[in-house]
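Have a look at data_25.tsv below; it lists TSV, C-alpha atoms.
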chain	number	residue	atom	x	y	z
R	1	MET	CA	84.74	-31.46	-85.71
R	2	ASP	CA	88.26	-31.10	-87.03
R	3	ALA	CA	90.29	-27.91	-86.81
R	4	PHE	CA	89.81	-27.04	-90.47
R	5	GLN	CA	86.03	-27.24	-90.29
R	6	HIS	CA	86.12	-25.08	-87.18
R	7	ALA	CA	88.25	-22.46	-88.97
R	8	ILE	CA	85.88	-22.41	-91.95
R	9	GLU	CA	82.83	-22.01	-89.70
R	10	GLN	CA	84.51	-19.13	-87.91
R	11	ARG	CA	85.19	-17.47	-91.26
R	12	VAL	CA	81.59	-17.91	-92.40
R	13	ALA	CA	80.34	-16.48	-89.10
R	14	GLU	CA	82.71	-13.55	-89.61
R	15	GLU	CA	81.26	-12.96	-93.12
R	16	GLN	CA	77.70	-13.09	-91.73
R	17	ARG	CA	78.51	-10.45	-89.15
R	18	HIS	CA	79.21	-7.94	-91.92
R	19	HIS	CA	75.92	-8.54	-93.74
R	20	SER	CA	73.41	-5.76	-93.20
R	21	VAL	CA	69.86	-7.00	-92.52
R	22	ALA	CA	68.27	-4.17	-94.57
R	23	PRO	CA	68.39	-6.05	-97.95
R	24	PHE	CA	66.52	-8.96	-96.36
R	25	PHE	CA	63.60	-6.67	-95.46
R	26	TRP	CA	63.58	-5.34	-99.04
R	27	VAL	CA	63.54	-8.87	-100.42
R	28	TRP	CA	60.72	-9.85	-98.04
R	29	GLY	CA	58.66	-6.82	-99.16
R	30	THR	CA	59.29	-7.59	-102.84
R	31	LEU	CA	58.22	-11.21	-102.35
R	32	LEU	CA	54.97	-10.09	-100.72
R	33	VAL	CA	54.27	-7.66	-103.58
R	34	LEU	CA	54.97	-10.35	-106.19
R	35	THR	CA	52.59	-12.69	-104.34
R	36	ALA	CA	49.88	-10.00	-104.51
R	37	VAL	CA	50.48	-9.68	-108.28
R	38	GLU	CA	50.13	-13.47	-108.65
R	39	VAL	CA	46.81	-13.47	-106.77
R	40	TYR	CA	45.56	-10.65	-109.05
R	41	LEU	CA	46.57	-12.68	-112.13
R	42	GLY	CA	44.80	-15.73	-110.70
R	43	TYR	CA	41.49	-13.88	-111.01
R	44	GLN	CA	42.03	-12.89	-114.66
R	45	ASN	CA	40.17	-15.09	-117.12
R	46	MET	CA	43.16	-16.25	-119.13
R	47	GLU	CA	43.99	-19.27	-121.23
R	48	PRO	CA	45.66	-21.87	-118.88
R	49	LYS	CA	48.92	-22.08	-120.90
R	50	ARG	CA	49.38	-18.29	-120.85
R	51	MET	CA	48.55	-18.03	-117.17
R	52	LEU	CA	50.90	-20.91	-116.35
R	53	THR	CA	53.73	-19.14	-118.19
R	54	MET	CA	53.13	-15.82	-116.39
R	55	LEU	CA	52.76	-17.34	-112.93
R	56	MET	CA	55.82	-19.54	-113.35
R	57	GLY	CA	57.82	-16.53	-114.58
R	58	LEU	CA	56.94	-14.63	-111.40
R	59	SER	CA	57.69	-17.71	-109.28
R	60	LEU	CA	61.13	-17.98	-110.87
R	61	VAL	CA	61.84	-14.35	-109.91
R	62	LYS	CA	60.73	-15.12	-106.33
R	63	ALA	CA	62.86	-18.29	-106.27
R	64	THR	CA	65.91	-16.32	-107.47
R	65	LEU	CA	65.44	-13.78	-104.67
R	66	ILE	CA	65.05	-16.52	-102.03
R	67	ILE	CA	68.08	-18.52	-103.22
R	68	GLY	CA	70.23	-15.42	-103.77
R	69	TYR	CA	69.50	-13.52	-100.56
R	70	PHE	CA	67.80	-15.74	-97.97
R	71	MET	CA	69.90	-18.81	-98.81
R	72	HIS	CA	73.01	-16.62	-99.20
R	73	MET	CA	73.93	-18.03	-102.61
R	74	LYS	CA	74.83	-14.47	-103.68
R	75	TYR	CA	77.67	-14.52	-101.15
R	76	GLU	CA	79.08	-17.95	-102.08
R	77	VAL	CA	82.15	-18.44	-104.29
R	78	SER	CA	81.36	-18.62	-108.03
R	79	ARG	CA	82.33	-22.31	-108.27
R	80	MET	CA	79.65	-23.20	-105.70
R	81	LYS	CA	77.06	-20.99	-107.45
R	82	TRP	CA	77.64	-22.40	-110.93
R	83	LEU	CA	77.92	-26.07	-110.02
R	84	THR	CA	74.81	-26.22	-107.85
R	85	MET	CA	72.53	-23.97	-109.90
R	86	SER	CA	73.51	-25.20	-113.37
R	87	SER	CA	73.07	-28.86	-112.39
R	88	LEU	CA	69.68	-28.09	-110.84
R	89	VAL	CA	68.44	-26.10	-113.84
R	90	PHE	CA	69.69	-28.80	-116.24
R	91	CYS	CA	67.95	-31.63	-114.39
R	92	LEU	CA	64.67	-29.73	-114.04
R	93	ALA	CA	64.80	-28.63	-117.69
R	94	MET	CA	65.19	-32.26	-118.74
R	95	MET	CA	61.80	-33.02	-117.19
R	96	MET	CA	60.18	-30.55	-119.62
R	97	VAL	CA	60.48	-33.19	-122.32
R	98	PHE	CA	57.04	-34.46	-121.23
R	99	PHE	CA	55.15	-31.22	-121.91
R	100	PRO	CA	54.68	-31.66	-125.70
R	101	ASP	CA	52.90	-34.92	-124.84
R	102	ALA	CA	50.54	-33.07	-122.47
R	103	LEU	CA	49.63	-30.65	-125.28
R	104	ARG	CA	49.19	-33.53	-127.76
R	105	ILE	CA	46.59	-35.18	-125.50
R	106	ILE	CA	44.29	-32.12	-125.80
R	107	SER	CA	44.00	-32.55	-129.57
R	108	LEU	CA	43.51	-36.33	-129.49
R	109	GLY	CA	40.28	-37.37	-131.14
R	110	VAL	CA	39.69	-33.95	-132.72
R	111	ARG	CA	41.17	-34.69	-136.13
T	1	MET	CA	114.72	-20.03	-88.71
T	2	ALA	CA	113.41	-23.58	-88.72
T	3	GLU	CA	110.38	-22.34	-86.82
T	4	ALA	CA	109.50	-19.89	-89.62
T	5	ALA	CA	109.04	-22.77	-92.07
T	6	LEU	CA	106.38	-24.46	-89.90
T	7	PRO	CA	102.69	-23.84	-90.63
T	8	HIS	CA	101.09	-21.49	-88.12
T	9	THR	CA	97.36	-21.70	-88.88
T	10	VAL	CA	94.97	-24.52	-89.75
T	11	ALA	CA	94.59	-23.02	-93.23
T	12	ASP	CA	98.31	-23.65	-93.76
T	13	ILE	CA	97.96	-27.30	-92.73
T	14	TYR	CA	94.80	-28.28	-94.60
T	15	GLU	CA	93.97	-27.90	-98.25
T	16	PRO	CA	91.22	-25.23	-98.68
T	17	SER	CA	87.66	-26.37	-99.45
T	18	LEU	CA	86.86	-26.65	-103.16
T	19	PHE	CA	83.59	-24.77	-102.64
T	20	GLY	CA	84.88	-22.21	-100.16
T	21	THR	CA	82.60	-23.34	-97.37
T	22	TYR	CA	82.22	-26.03	-94.70
T	23	SER	CA	81.19	-29.62	-95.44
T	24	LYS	CA	77.95	-29.51	-93.40
T	25	LYS	CA	76.62	-26.74	-95.62
T	26	ILE	CA	77.68	-28.51	-98.82
T	27	GLY	CA	75.94	-31.65	-97.52
T	28	MET	CA	72.71	-29.72	-96.97
T	29	TRP	CA	72.92	-28.17	-100.44
T	30	LEU	CA	73.32	-31.64	-101.97
T	31	PHE	CA	70.27	-32.86	-100.05
T	32	LEU	CA	68.27	-29.82	-101.16
T	33	LEU	CA	69.27	-30.38	-104.81
T	34	SER	CA	68.00	-33.96	-104.65
T	35	ASP	CA	64.83	-32.88	-102.84
T	36	SER	CA	64.15	-30.20	-105.43
T	37	LEU	CA	64.10	-32.93	-108.08
T	38	THR	CA	61.47	-34.79	-106.04
T	39	PHE	CA	59.29	-31.68	-105.86
T	40	GLY	CA	60.17	-30.86	-109.48
T	41	ALA	CA	58.75	-34.22	-110.60
T	42	LEU	CA	55.56	-33.68	-108.57
T	43	LEU	CA	55.11	-30.13	-109.89
T	44	TYR	CA	55.68	-31.24	-113.48
T	45	ALA	CA	53.14	-34.05	-113.01
T	46	TYR	CA	50.61	-31.52	-111.72
T	47	SER	CA	51.30	-29.12	-114.62
T	48	TYR	CA	51.04	-32.00	-117.12
T	49	GLY	CA	47.63	-32.94	-115.73
T	50	ARG	CA	46.48	-29.32	-115.67
T	51	ILE	CA	47.42	-28.67	-119.32
T	52	SER	CA	46.19	-31.99	-120.72
T	53	THR	CA	42.80	-31.98	-118.95
T	54	PRO	CA	40.34	-29.45	-120.45
T	55	ASN	CA	37.70	-30.10	-117.74
T	56	TRP	CA	40.15	-29.55	-114.86
T	57	PRO	CA	38.10	-28.58	-111.78
T	58	THR	CA	38.43	-25.06	-110.37
T	59	PRO	CA	37.09	-25.52	-106.84
T	60	PHE	CA	39.08	-22.84	-105.01
T	61	HIS	CA	36.69	-20.00	-104.19
T	62	SER	CA	37.86	-16.72	-102.65
T	63	GLY	CA	37.92	-18.18	-99.09
T	64	SER	CA	40.50	-20.80	-100.15
T	65	ILE	CA	42.57	-18.25	-102.05
T	66	ILE	CA	42.62	-15.84	-99.07
T	67	ASN	CA	43.57	-18.74	-96.80
T	68	ALA	CA	46.41	-19.81	-99.13
T	69	THR	CA	47.59	-16.20	-99.50
T	70	ILE	CA	47.82	-15.83	-95.70
T	71	MET	CA	49.71	-19.16	-95.60
T	72	THR	CA	52.15	-17.73	-98.18
T	73	GLY	CA	52.55	-14.62	-96.01
T	74	PHE	CA	53.33	-16.84	-93.01
T	75	LEU	CA	56.05	-18.70	-94.93
T	76	LEU	CA	57.62	-15.54	-96.38
T	77	THR	CA	57.68	-13.93	-92.94
T	78	SER	CA	59.17	-17.09	-91.46
T	79	SER	CA	61.99	-16.85	-94.01
T	80	LEU	CA	62.71	-13.29	-92.84
T	81	THR	CA	62.76	-14.32	-89.16
T	82	MET	CA	65.01	-17.26	-90.09
T	83	VAL	CA	67.51	-14.91	-91.74
T	84	LEU	CA	67.45	-12.77	-88.59
T	85	ALA	CA	68.08	-15.91	-86.48
T	86	VAL	CA	71.12	-16.80	-88.65
T	87	ASN	CA	72.39	-13.23	-88.31
T	88	ALA	CA	71.90	-13.24	-84.51
T	89	ALA	CA	73.69	-16.60	-84.23
T	90	ALA	CA	76.65	-15.26	-86.25
T	91	ARG	CA	76.84	-12.24	-83.95
T	92	GLY	CA	76.80	-14.55	-80.91
T	93	ASN	CA	73.51	-13.11	-79.61
T	94	GLU	CA	72.09	-16.25	-78.00
T	95	LYS	CA	68.81	-14.74	-76.78
T	96	ALA	CA	67.94	-13.16	-80.15
T	97	ARG	CA	68.90	-16.39	-81.94
T	98	VAL	CA	66.42	-18.45	-79.87
T	99	LEU	CA	63.68	-15.82	-80.12
T	100	TRP	CA	63.94	-15.52	-83.92
T	101	LEU	CA	63.99	-19.31	-84.25
T	102	LEU	CA	60.83	-19.53	-82.11
T	103	ALA	CA	59.22	-16.81	-84.26
T	104	THR	CA	60.07	-18.87	-87.36
T	105	MET	CA	58.53	-21.96	-85.78
T	106	ALA	CA	55.39	-19.98	-84.85
T	107	CYS	CA	54.96	-18.91	-88.49
T	108	GLY	CA	55.54	-22.52	-89.59
T	109	ILE	CA	52.92	-23.81	-87.14
T	110	GLY	CA	50.51	-21.09	-88.35
T	111	PHE	CA	51.04	-22.33	-91.90
T	112	ILE	CA	50.40	-25.97	-90.91
T	113	VAL	CA	47.23	-25.12	-88.95
T	114	LEU	CA	45.76	-23.09	-91.84
T	115	HIS	CA	46.71	-25.80	-94.32
T	116	ALA	CA	45.18	-28.53	-92.15
T	117	ARG	CA	41.98	-26.47	-91.92
T	118	GLU	CA	41.93	-26.13	-95.72
T	119	TRP	CA	42.40	-29.89	-96.16
T	120	SER	CA	39.68	-30.67	-93.62
T	121	ASN	CA	37.20	-28.33	-95.37
T	122	LEU	CA	37.91	-29.90	-98.77
T	123	ILE	CA	37.56	-33.44	-97.34
T	124	ALA	CA	34.29	-32.46	-95.63
T	125	GLU	CA	33.02	-31.12	-98.99
T	126	GLY	CA	33.80	-34.44	-100.68
T	127	LEU	CA	37.27	-34.08	-102.20
T	128	ARG	CA	39.15	-37.14	-101.03
T	129	LEU	CA	41.51	-39.96	-101.83
T	130	PRO	CA	40.36	-43.61	-101.78
T	131	ILE	CA	42.76	-44.32	-98.87
T	132	PHE	CA	41.10	-41.71	-96.63
T	133	PRO	CA	38.58	-43.14	-94.12
T	134	ALA	CA	34.93	-42.46	-94.96
T	135	VAL	CA	33.45	-39.31	-93.42
T	136	PRO	CA	30.18	-40.15	-91.58
T	137	ASN	CA	26.95	-38.46	-92.85
T	138	GLN	CA	28.84	-36.66	-95.58
T	139	GLU	CA	27.09	-34.37	-98.07
T	140	VAL	CA	29.26	-33.93	-101.14
T	141	ALA	CA	29.41	-30.36	-102.48
T	142	SER	CA	28.16	-29.89	-106.06
T	143	GLU	CA	31.61	-29.10	-107.52
T	144	PHE	CA	33.03	-32.37	-106.17
T	145	VAL	CA	30.18	-34.71	-107.18
T	146	ASN	CA	31.87	-35.91	-110.37
T	147	VAL	CA	35.48	-34.87	-109.73
T	148	SER	CA	36.51	-38.23	-108.24
T	149	LYS	CA	35.10	-40.06	-111.29
T	150	THR	CA	35.93	-37.71	-114.18
T	151	VAL	CA	39.23	-36.12	-113.02
T	152	PRO	CA	40.65	-38.45	-110.33
T	153	GLN	CA	44.12	-36.98	-110.89
T	154	PHE	CA	42.99	-33.67	-109.34
T	155	ALA	CA	42.63	-35.05	-105.79
T	156	ALA	CA	45.66	-37.33	-106.24
T	157	THR	CA	48.00	-34.53	-107.34
T	158	PHE	CA	46.54	-31.97	-104.90
T	159	PHE	CA	46.87	-34.16	-101.80
T	160	GLY	CA	50.16	-35.70	-102.98
T	161	LEU	CA	51.87	-32.38	-103.66
T	162	THR	CA	50.55	-30.34	-100.74
T	163	GLY	CA	50.84	-33.32	-98.36
T	164	MET	CA	54.50	-33.80	-99.27
T	165	HIS	CA	55.09	-30.09	-98.66
T	166	MET	CA	53.20	-30.12	-95.35
T	167	LEU	CA	55.38	-33.04	-94.22
T	168	HIS	CA	58.49	-30.98	-95.06
T	169	VAL	CA	57.19	-27.95	-93.13
T	170	THR	CA	56.34	-30.15	-90.12
T	171	LEU	CA	59.80	-31.71	-90.10
T	172	GLY	CA	61.29	-28.22	-90.56
T	173	VAL	CA	59.51	-27.00	-87.41
T	174	VAL	CA	60.86	-30.05	-85.52
T	175	TYR	CA	64.39	-29.38	-86.88
T	176	LEU	CA	64.27	-25.71	-85.78
T	177	GLY	CA	62.84	-26.72	-82.39
T	178	ILE	CA	65.81	-29.02	-81.77
T	179	ILE	CA	68.30	-26.36	-82.92
T	180	ALA	CA	66.65	-23.71	-80.68
T	181	LEU	CA	65.76	-25.67	-77.56
T	182	ARG	CA	67.64	-28.98	-77.89
T	183	ARG	CA	66.46	-31.52	-75.25
T	184	LYS	CA	63.80	-29.20	-73.90
T	185	PHE	CA	61.93	-29.54	-77.19
T	186	ILE	CA	61.43	-33.33	-76.86
T	187	PRO	CA	58.60	-33.17	-74.23
T	188	ILE	CA	56.99	-30.34	-76.25
T	189	LEU	CA	57.10	-32.58	-79.32
T	190	PHE	CA	55.43	-35.46	-77.44
T	191	ALA	CA	52.76	-33.02	-76.18
T	192	LEU	CA	52.17	-31.75	-79.74
T	193	TRP	CA	51.77	-35.33	-80.94
T	194	LEU	CA	49.21	-36.11	-78.22
T	195	VAL	CA	47.23	-32.93	-78.93
T	196	ALA	CA	47.26	-33.54	-82.71
T	197	TRP	CA	46.27	-37.20	-82.26
T	198	LEU	CA	43.53	-36.75	-79.66
T	199	ALA	CA	42.06	-33.50	-81.00
T	200	THR	CA	41.38	-34.85	-84.50
T	201	PRO	CA	38.43	-37.16	-85.34
T	202	ALA	CA	39.24	-40.77	-86.27
T	203	TYR	CA	38.16	-40.24	-89.92
T	204	SER	CA	40.61	-37.34	-90.40
T	205	PRO	CA	43.91	-38.12	-92.19
T	206	PHE	CA	45.59	-35.93	-89.54
T	207	HIS	CA	44.52	-38.43	-86.85
T	208	TYR	CA	47.06	-40.95	-88.12
T	209	GLY	CA	49.29	-38.34	-89.80
T	210	ALA	CA	50.01	-36.96	-86.30
T	211	HIS	CA	52.17	-40.05	-85.70
T	212	VAL	CA	54.85	-38.32	-87.81
T	213	LEU	CA	55.42	-36.18	-84.69
T	214	LEU	CA	55.80	-39.30	-82.53
T	215	ILE	CA	58.36	-40.79	-84.96
T	216	ALA	CA	60.19	-37.42	-85.11
T	217	ALA	CA	60.25	-37.23	-81.28
T	218	LEU	CA	61.74	-40.74	-81.03
T	219	VAL	CA	64.35	-40.09	-83.74
T	220	CYS	CA	65.34	-36.72	-82.21
T	221	SER	CA	65.63	-38.31	-78.73
T	222	LEU	CA	67.94	-40.96	-80.18
T	223	ILE	CA	70.08	-38.36	-82.00
T	224	LEU	CA	70.39	-36.12	-78.93
T	225	TRP	CA	71.22	-39.15	-76.76
T	226	LEU	CA	73.88	-40.45	-79.17
T	227	LYS	CA	75.39	-37.07	-80.02
T	228	PRO	CA	74.58	-34.38	-77.47
T	229	LYS	CA	76.04	-31.02	-78.55
T	230	VAL	CA	75.56	-27.27	-78.42
T	231	TYR	CA	74.40	-26.09	-81.82
T	232	ASP	CA	76.55	-23.27	-83.22
T	233	ALA	CA	76.08	-20.56	-85.86
T	234	ALA	CA	76.86	-23.01	-88.68
T	235	ASP	CA	74.09	-25.38	-87.50
T	236	VAL	CA	71.61	-22.48	-87.50
T	237	GLU	CA	72.70	-21.48	-91.03
T	238	VAL	CA	72.33	-25.06	-92.31
T	239	ALA	CA	68.87	-25.37	-90.69
T	240	GLY	CA	68.03	-22.03	-92.33
T	241	LEU	CA	68.91	-23.42	-95.75
T	242	TYR	CA	66.37	-26.22	-95.25
T	243	TRP	CA	63.70	-23.80	-94.05
T	244	HIS	CA	64.18	-21.42	-96.98
T	245	PHE	CA	63.94	-24.37	-99.36
T	246	VAL	CA	60.53	-25.26	-97.92
T	247	ASP	CA	59.48	-21.64	-98.50
T	248	LEU	CA	60.91	-21.75	-102.03
T	249	VAL	CA	58.92	-24.85	-102.99
T	250	TRP	CA	55.68	-23.23	-101.80
T	251	MET	CA	56.36	-20.31	-104.18
T	252	PHE	CA	55.67	-22.81	-106.99
T	253	ILE	CA	52.91	-24.83	-105.32
T	254	PHE	CA	50.78	-21.77	-104.46
T	255	PRO	CA	50.34	-20.45	-108.03
T	256	LEU	CA	50.20	-23.91	-109.62
T	257	VAL	CA	47.76	-25.61	-107.29
T	258	TYR	CA	45.63	-22.73	-106.04
T	259	LEU	CA	45.81	-19.86	-108.52
T	260	MET	CA	45.57	-22.14	-111.58
T	261	SER	CA	42.36	-23.65	-110.11
T	262	THR	CA	40.66	-20.45	-108.95
T	263	LYS	CA	36.90	-20.36	-109.17
T	264	ILE	CA	36.09	-17.19	-111.15
T	265	ILE	CA	32.45	-16.12	-110.76
Structure translated into structure tokens:
Amino acid sequence: MDAFQHAIEQRVAEEQRHHSVAPFFWVWGTLLVLTAVEVYLGYQNMEPKRMLTMLMGLSLVKATLIIGYFMHMKYEVSRMKWLTMSSLVFCLAMMMVFFPDALRIISLGVR
Amino acid sequence: MAEAALPHTVADIYEPSLFGTYSKKIGMWLFLLSDSLTFGALLYAYSYGRISTPNWPTPFHSGSIINATIMTGFLLTSSLTMVLAVNAAARGNEKARVLWLLATMACGIGFIVLHAREWSNLIAEGLRLPIFPAVPNQEVASEFVNVSKTVPQFAATFFGLTGMHMLHVTLGVVYLGIIALRRKFIPILFALWLVAWLATPAYSPFHYGAHVLLIAALVCSLILWLKPKVYDAADVEVAGLYWHFVDLVWMFIFPLVYLMSTKII
């Protein structure tokens, strides 16, 4: 490891030392509560598209909490946050192009 | 006076990092971004199948949902213990670091055991892939009688998605074991492989799936032999990123695969 990497690691360790662990317990509790809400929704007799939207909405909230707090993205510099998250969201959003086709299949043969 | 013009710290000599952090962590983030696209594709494929198939099976009764909810609890708790391990490593508390890492691994192993039990029950009831060995004297449960013929994509997407995730959790446990115990973990890994291989029947996919542990043990032995080192706080943080990612992916698999296929009586 070169001297610069070592200096950076020391700085990151120094930043970690100042993080209180209390928010992590709050996040953990919130994630457990959100999971319980999802299980409750799973037992409601809903139309699949509506249920999918609600469950994925809750999962996105959980993912934001995990990335922000557990993965420490909240504490990274804004350049790191924006480049990683915007590229990820863009690439995943591009895959949504297939969903209209999935909905079209349901109505095939009806008309 | 000439001395005053010379750089005094490494930050004066080297250009600062573009992302304000060390390269190992950026490398892990890049890997996780690429891996999230892999899981993204699998999750989209599952959702596509779920939306476009009106007669999608809903085989998960309350026992399966409770099992999957406990598995989710294990993973969420493991993420908390992982954060505490990262914090302990940053504070230089060696004993707490190892203990929290072992607690994380215990939660991970709990998740794998429950998941393997769930798989085994579903296979015993008749949900299977064509590549799985035939189960002797099998009685197929009523809900699975026609599933393989009418909705073959259900078993394919279920085993593909959850199997890929289980592989990631297994490798995550191995990764944390090496970070926590280094060389001492290698004999444990060989023992785990032997137990997993010998304790599962020959028709179980876990009988040959256990060889993942053997391959991991050989690869880890090679890495530790070629580059023996003491893992520092940064290594624990980078391992933590991987572990949290595995937890993150499950937050999408659990509602999609289990809750969207709940058997409502």
Atom-to-atom span, atom CA of T:Val147 and atom CA of T:Pro57, Å: 7.1 Å
Within 12 Å of T:Ala116, counting all atoms listed in the file, which residues qualify if same-chain residues fewer than 2 places away don't, as an MDAnalysis selection string? chainID T and resid 67:68 71 109:114 118:123 159 162:163 165:167 170 196 200 204:207 209:210
Distance filter 6 Å, all atoms listed in the file, chain T against chain R, as a ChimeraX atom specification: /T:10,19,22,48,52,90-91,241,248,251-252,259
Do a neighbour search on T:Trp29 at 9 Å with all atoms listed in the file, toss out local chain neighbours closer than 3 positions, and write the hits as a VMD selection string. (chain R and resid 84) or (chain T and resid 24 to 26 32 to 34 238 241 to 242)
What does the structure give for the distance between atom CA of T:Ala239 and atom CA of T:His211, in Å to one decimal?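 Here the two named atoms are 22.8 Å from each other.
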Atom CA of T:Ala124 to atom CA of T:Ala156: how many Å, to one decimal? 16.3 Å
Any chance you could work out the axis-aligned box around stretch 75-92 of chain T, listed atoms only, 4 Å on each side, giving centre and edge lengths in Å to one decimal, as AutoDock Vina command-line options?
--center_x 66.4 --center_y -15.5 --center_z -88.6 --size_x 28.8 --size_y 14.5 --size_z 23.5
May I have the residues within 12 Å of T:Lys229 as a list of chain:residue names, using only C-alpha atoms and disregarding those fewer than 2 positions away in the same chain? R:Met1, T:Ile178, T:Ile179, T:Leu181, T:Arg182, T:Arg183, T:Ile223, T:Leu224, T:Trp225, T:Leu226, T:Lys227, T:Tyr231, T:Asp232, T:Asp235
Find the residues near T:Ala191: any atom within 12 Å, counting all atoms listed in the file, skip ones fewer than 5 places away on the same chain, and give them as a list in words.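 My reading of the contact set: Lys184, Phe185, Ile186, Ala196, Trp197, Leu198, Ala199, Ala210, His211, Leu213, Leu214 and Ala217 of chain T.
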I need the residues from that last selection saved to file as a PDB file, in the frame of the given file (with C-alpha atoms), if you can.
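Saved the output as part_2.pdb:
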ATOM      1  CA  LYS T 184      63.800 -29.200 -73.900  1.00  0.00           C
ATOM      2  CA  PHE T 185      61.930 -29.540 -77.190  1.00  0.00           C
ATOM      3  CA  ILE T 186      61.430 -33.330 -76.860  1.00  0.00           C
ATOM      4  CA  ALA T 196      47.260 -33.540 -82.710  1.00  0.00           C
ATOM      5  CA  TRP T 197      46.270 -37.200 -82.260  1.00  0.00           C
ATOM      6  CA  LEU T 198      43.530 -36.750 -79.660  1.00  0.00           C
ATOM      7  CA  ALA T 199      42.060 -33.500 -81.000  1.00  0.00           C
ATOM      8  CA  ALA T 210      50.010 -36.960 -86.300  1.00  0.00           C
ATOM      9  CA  HIS T 211      52.170 -40.050 -85.700  1.00  0.00           C
ATOM     10  CA  LEU T 213      55.420 -36.180 -84.690  1.00  0.00           C
ATOM     11  CA  LEU T 214      55.800 -39.300 -82.530  1.00  0.00           C
ATOM     12  CA  ALA T 217      60.250 -37.230 -81.280  1.00  0.00           C
TER      13      ALA T 217
END
Counting all atoms listed in the file, which residues come within 10 Å of (35.3, -31.9, -104.4), with the point read in the file's coordinates, and could you list them as a PyMOL selection string? chain T and resi 57-60+121-128+140-148+154-155
Using all atoms listed in the file, find the one residue out of T:Tyr46, T:Trp56, T:Phe74, T:Trp243 that sits nearest to T:Val169.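 Nearest to T:Val169: T:Trp243.
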